[in-house]
Amino acid sequence: MTKEPIITISDLRMNYGTGPDILKGINLSIYPGQIIGYIGPNGAGKSTTVKILLGIINKYRGEIKIFGKDILEDGVEYKKRIGYVPETAEIYENLTAHEYLTFLGEIYEMESEKASNKAKKLMELFGIKEHYYSRISSYSKGMKQKLLIIASLIHNPDILFLDEPLGGLDANSVMIFKEILAQLAEQGKTIFYSSHIMEIVEKISHRILLINDGQIVADGTFEELKEKSMEGSLEQIFNQLTGFTKHKEIADEFVSVLQEV
Ligand SMILES: Nc1ncnc2c1ncn2[C@@H]1O[C@H](COP(=O)(O)OP(=O)(O)OP(=O)(O)O)[C@@H](O)[C@H]1O
């Protein structure tokens, strides 16, 4: 790979104050123009990694460089070039989409009118333009998700962090969004895609990272992981690498407990 990495993570370790390390020495170089599928079991450390990269958590050990600069030294500058769809949305329900998106645009130093026009166009393309002046509290789940996606992209960021971004989206919208991601990657944007939906991660990712118990245990293209593990699907690779073989046993027991009086 001839390009310079856009994100470099060196020996990243962190804990939440008490107990053992949640991240146990992560080393990664991420290159522009790639969709990175970031997967792992519940509690493995995915959201923690993303929150560190976003600067939300800054008590960590190791070094992180984004756009070539240590993020602890770069302050807010690098954040202007980053977009984020969080796992749980903290949308300001009492605002309208118009208010929310123009407010965000202004934070990103866009002209208010330009931000508003762009927001309206993007809402139209997602089929929700007629709700532009409605309060977000009146939106359906999928509509809120579309709004979050627009909010993460309105300033045309170079790196996009997506945490389970498809929640509530209908099949047609999923198709549009997957195509948008592919085109953004082609333009050289970097997309960090964290999800539990293995079929989608398998299809869209140029590179898959599997974190288990705070460590990266697999790193490669889907084809590379498949070859190494001798498994056919990403779901099976995930089961194998996380040492999980008991789904039937646990389900049997769960159903049998339900039948107890
Ligand atoms: N604010 C917090 N305080 C203490 N421990 C936390 C906090 N947030 C997360 N943890 C712990 O850190 C570990 C990693 O959590 P994290 O949210 O990064 O996992 P994840 O891989 O994103 O999981 P999921 O797939 O369930 O979203 C878990 O053991 C969790 O209990």
# chains A, B, ... in the order shown; residues from 1 in each chain; ligands from 1

$ select_by_dssp --residues "region 19-161 of chain A" --states "strand (DSSP E)" --output "list in words"
Leu23, Lys24, Gly25, Ile26, Asn27, Leu28, Ser29, Ile30, Ile35, Ile36, Gly37, Tyr38, Ile39, Arg61, Gly62, Glu63, Ile64, Lys65, Ile66, Lys69, Asp70, Ile82, Gly83, Tyr84, Val85, Ile159, Leu160 and Phe161 of chain A

$ residues_around --residues "Pro165 (chain A)" --least-positions-apart "6" --cutoff "10 Å" --atoms "only C-alpha atoms" --output "compact mmCIF listing (two decimals) with N, CA and C atoms, in the first residue's frame"
# COMPACT_ATOMS: atom_id res chain seq x y z
N TYR A 84 -19.92 10.95 12.45
CA TYR A 84 -20.18 9.86 13.40
C TYR A 84 -21.67 9.57 13.48
N VAL A 85 -22.02 8.32 13.26
CA VAL A 85 -23.39 7.87 13.55
C VAL A 85 -23.30 7.02 14.81
N PRO A 86 -23.79 7.54 15.94
CA PRO A 86 -23.65 6.80 17.20
C PRO A 86 -24.63 5.63 17.30
N GLU A 87 -24.30 4.72 18.21
CA GLU A 87 -25.15 3.55 18.42
C GLU A 87 -26.50 3.98 19.01
N THR A 88 -26.40 4.83 20.03
CA THR A 88 -27.65 5.36 20.56
C THR A 88 -27.67 6.86 20.32
N GLN A 145 -33.11 7.62 12.05
CA GLN A 145 -31.84 7.06 11.61
C GLN A 145 -31.33 7.77 10.36
N LYS A 146 -32.27 8.04 9.43
CA LYS A 146 -31.87 8.76 8.21
C LYS A 146 -31.34 10.15 8.57
N LEU A 148 -29.89 10.99 11.36
CA LEU A 148 -28.55 10.83 11.95
C LEU A 148 -27.49 10.64 10.88
N ILE A 149 -27.85 9.87 9.86
CA ILE A 149 -26.90 9.63 8.76
C ILE A 149 -26.60 10.95 8.05
N VAL A 174 -31.61 0.76 2.83
CA VAL A 174 -30.35 0.05 3.06
C VAL A 174 -29.55 -0.03 1.76
N PHE A 177 -28.05 3.31 1.00
CA PHE A 177 -26.96 3.66 1.92
C PHE A 177 -25.69 2.86 1.61
N TYR A 193 -16.86 0.87 10.05
CA TYR A 193 -18.24 0.37 10.12
C TYR A 193 -18.36 -0.71 11.18
N SER A 194 -19.02 -0.36 12.29
CA SER A 194 -19.15 -1.30 13.39
C SER A 194 -20.56 -1.86 13.41
N SER A 195 -20.69 -3.18 13.36
CA SER A 195 -22.03 -3.77 13.30
C SER A 195 -22.01 -5.22 13.72

$ residues_near_ligand --ligand "ligand 1" --cutoff "7 Å" --atoms "only C-alpha atoms and all ligand atoms" --output "NGL selection string"
:A and (16 or 22 or 40-49)

$ closest_residue --among "A:Phe192, A:Phe254, A:Phe238, A:Tyr100" --to "Ile82 (chain A)" --atoms "only C-alpha atoms"
A:Phe192

$ residues_around --residues "Gly75 (chain A)" --least-positions-apart "3" --cutoff "12 Å" --atoms "only C-alpha atoms" --output "number ranges by chain"
A: 54-56, 58, 65-66, 69-72, 78-80
